[in-house]
Amino acid sequence: MVQIVKRLKQIAIMLWGSKIPKKGDSMTKEELQAHLDALCRQNGFDYAKYLGTYNGDEIYKPEFNEEGEVYYGYPCLLHVRGDKVRRSRSHHEAFKVLHFFYGSN
């Protein structure tokens with residue numbers, strides 16, 4: 001429990017509208033994954049889990065390495081489009097995207 005509380009205190013607002021560093025014309029999926037994992041680690045998470053494509057955005061969910069579910073408030077999703085990454089604009093948008101990927105369960 002102390003570890004979860006410590007991590008919750010470490011979570012800062014993820015960069016909004018940050019640019020993804022590009023090498024040449026585009027990044028490989030591996031380079032993008034490494035960049036998003038680093039962004040997550042800077043904000044108290046362990047890595048970014050790729051969920052899929054939603055409305056033209058590549059969606060990633062920040063995750064912890066702990067076994068089982070770890071709850072940390074409203075869902076935080078990363079939306080990648082082109083060379084920009086942003087958080088879900090609201091918890092309504094995040095729940096809509098999660099419903100798309102996971103259904104109503």
# chains A, B, ... in the order shown; residues from 1 in each chain; ligands from 1
call {"tool": "residues_around", "arguments": {"residues": "stretch 73-79 of chain A", "least_positions_apart": "4", "cutoff": "10 Å", "atoms": "only C-alpha atoms", "output": "compact mmCIF listing (two decimals) with N, CA and C atoms, in the first residue's frame"}}
result
# COMPACT_ATOMS: atom_id res chain seq x y z
N LEU A 8 1.55 7.20 -6.43
CA LEU A 8 0.50 8.17 -6.69
C LEU A 8 1.02 9.59 -6.46
N ILE A 13 1.25 15.61 -14.14
CA ILE A 13 0.46 15.74 -15.36
C ILE A 13 1.36 15.40 -16.54
N MET A 14 0.92 14.43 -17.35
CA MET A 14 1.72 14.05 -18.52
C MET A 14 1.77 15.19 -19.52
N LEU A 15 2.85 15.21 -20.26
CA LEU A 15 3.05 16.30 -21.22
C LEU A 15 1.88 16.37 -22.19
N TRP A 16 1.31 17.53 -22.33
CA TRP A 16 0.16 17.75 -23.20
C TRP A 16 0.66 18.36 -24.50
N GLY A 17 0.40 17.72 -25.60
CA GLY A 17 0.79 18.26 -26.90
C GLY A 17 2.29 18.22 -27.14
N LEU A 36 7.59 6.56 -25.45
CA LEU A 36 6.41 6.59 -24.59
C LEU A 36 6.68 5.90 -23.25
N CYS A 40 6.28 7.71 -19.67
CA CYS A 40 5.53 7.12 -18.56
C CYS A 40 6.38 7.04 -17.30
N ALA A 48 4.24 1.99 -21.25
CA ALA A 48 3.02 2.29 -22.00
C ALA A 48 2.60 1.04 -22.76
N LYS A 49 1.37 0.59 -22.53
CA LYS A 49 0.83 -0.60 -23.20
C LYS A 49 0.05 -0.15 -24.44
N TYR A 50 0.39 -0.70 -25.60
CA TYR A 50 -0.32 -0.36 -26.84
C TYR A 50 -1.68 -1.05 -26.86
N LEU A 51 -2.75 -0.27 -27.09
CA LEU A 51 -4.10 -0.85 -27.17
C LEU A 51 -4.57 -1.03 -28.60
N THR A 53 -5.74 1.24 -32.54
CA THR A 53 -6.09 2.50 -33.20
C THR A 53 -7.53 2.86 -32.91
N TYR A 54 -7.75 4.14 -32.57
CA TYR A 54 -9.09 4.66 -32.29
C TYR A 54 -9.20 6.05 -32.91
N ASN A 55 -10.14 6.23 -33.83
CA ASN A 55 -10.39 7.51 -34.50
C ASN A 55 -9.11 8.17 -35.03
N GLY A 56 -8.23 7.38 -35.63
CA GLY A 56 -7.01 7.91 -36.22
C GLY A 56 -5.85 8.09 -35.25
N ASP A 57 -6.08 7.82 -33.96
CA ASP A 57 -5.02 7.93 -32.96
C ASP A 57 -4.53 6.53 -32.58
N GLU A 58 -3.24 6.40 -32.36
CA GLU A 58 -2.69 5.19 -31.77
C GLU A 58 -2.81 5.37 -30.26
N ILE A 59 -3.44 4.43 -29.57
CA ILE A 59 -3.75 4.58 -28.15
C ILE A 59 -2.81 3.71 -27.30
N TYR A 60 -2.25 4.33 -26.27
CA TYR A 60 -1.38 3.66 -25.32
C TYR A 60 -1.91 3.93 -23.92
N LYS A 61 -1.81 2.92 -23.05
CA LYS A 61 -2.29 3.05 -21.67
C LYS A 61 -1.09 2.93 -20.73
N PRO A 62 -0.80 3.98 -19.94
CA PRO A 62 0.27 3.88 -18.95
C PRO A 62 -0.05 2.78 -17.94
N GLU A 63 0.95 1.98 -17.60
CA GLU A 63 0.75 0.82 -16.73
C GLU A 63 1.84 0.75 -15.66
N LYS A 84 2.74 14.00 -32.57
CA LYS A 84 2.25 14.58 -31.32
C LYS A 84 1.64 13.51 -30.43
N VAL A 85 1.84 13.70 -29.14
CA VAL A 85 1.23 12.82 -28.15
C VAL A 85 0.48 13.69 -27.15
N ARG A 86 -0.70 13.22 -26.76
CA ARG A 86 -1.51 13.97 -25.80
C ARG A 86 -2.22 12.98 -24.89
N ARG A 87 -2.68 13.47 -23.75
CA ARG A 87 -3.54 12.68 -22.87
C ARG A 87 -4.96 12.76 -23.39
N SER A 88 -5.80 11.85 -22.94
CA SER A 88 -7.23 11.98 -23.23
C SER A 88 -7.67 13.34 -22.70
N ARG A 89 -8.54 14.01 -23.44
CA ARG A 89 -8.96 15.37 -23.07
C ARG A 89 -9.82 15.42 -21.81
N SER A 90 -10.49 14.31 -21.51
CA SER A 90 -11.35 14.26 -20.33
C SER A 90 -11.54 12.80 -19.93
N HIS A 91 -12.08 12.61 -18.74
CA HIS A 91 -12.36 11.22 -18.34
C HIS A 91 -13.45 10.62 -19.21
N HIS A 92 -14.34 11.48 -19.76
CA HIS A 92 -15.39 10.98 -20.67
C HIS A 92 -14.76 10.38 -21.92
N GLU A 93 -13.79 11.10 -22.50
CA GLU A 93 -13.10 10.59 -23.69
C GLU A 93 -12.35 9.30 -23.35
N ALA A 94 -11.67 9.27 -22.21
CA ALA A 94 -10.91 8.08 -21.82
C ALA A 94 -11.83 6.87 -21.66
N PHE A 95 -12.97 7.05 -20.99
CA PHE A 95 -13.89 5.93 -20.81
C PHE A 95 -14.48 5.48 -22.15
N VAL A 97 -12.96 5.57 -25.07
CA VAL A 97 -11.91 4.80 -25.75
C VAL A 97 -11.76 3.43 -25.09
N LEU A 98 -11.75 3.39 -23.76
CA LEU A 98 -11.63 2.10 -23.07
C LEU A 98 -12.81 1.18 -23.40
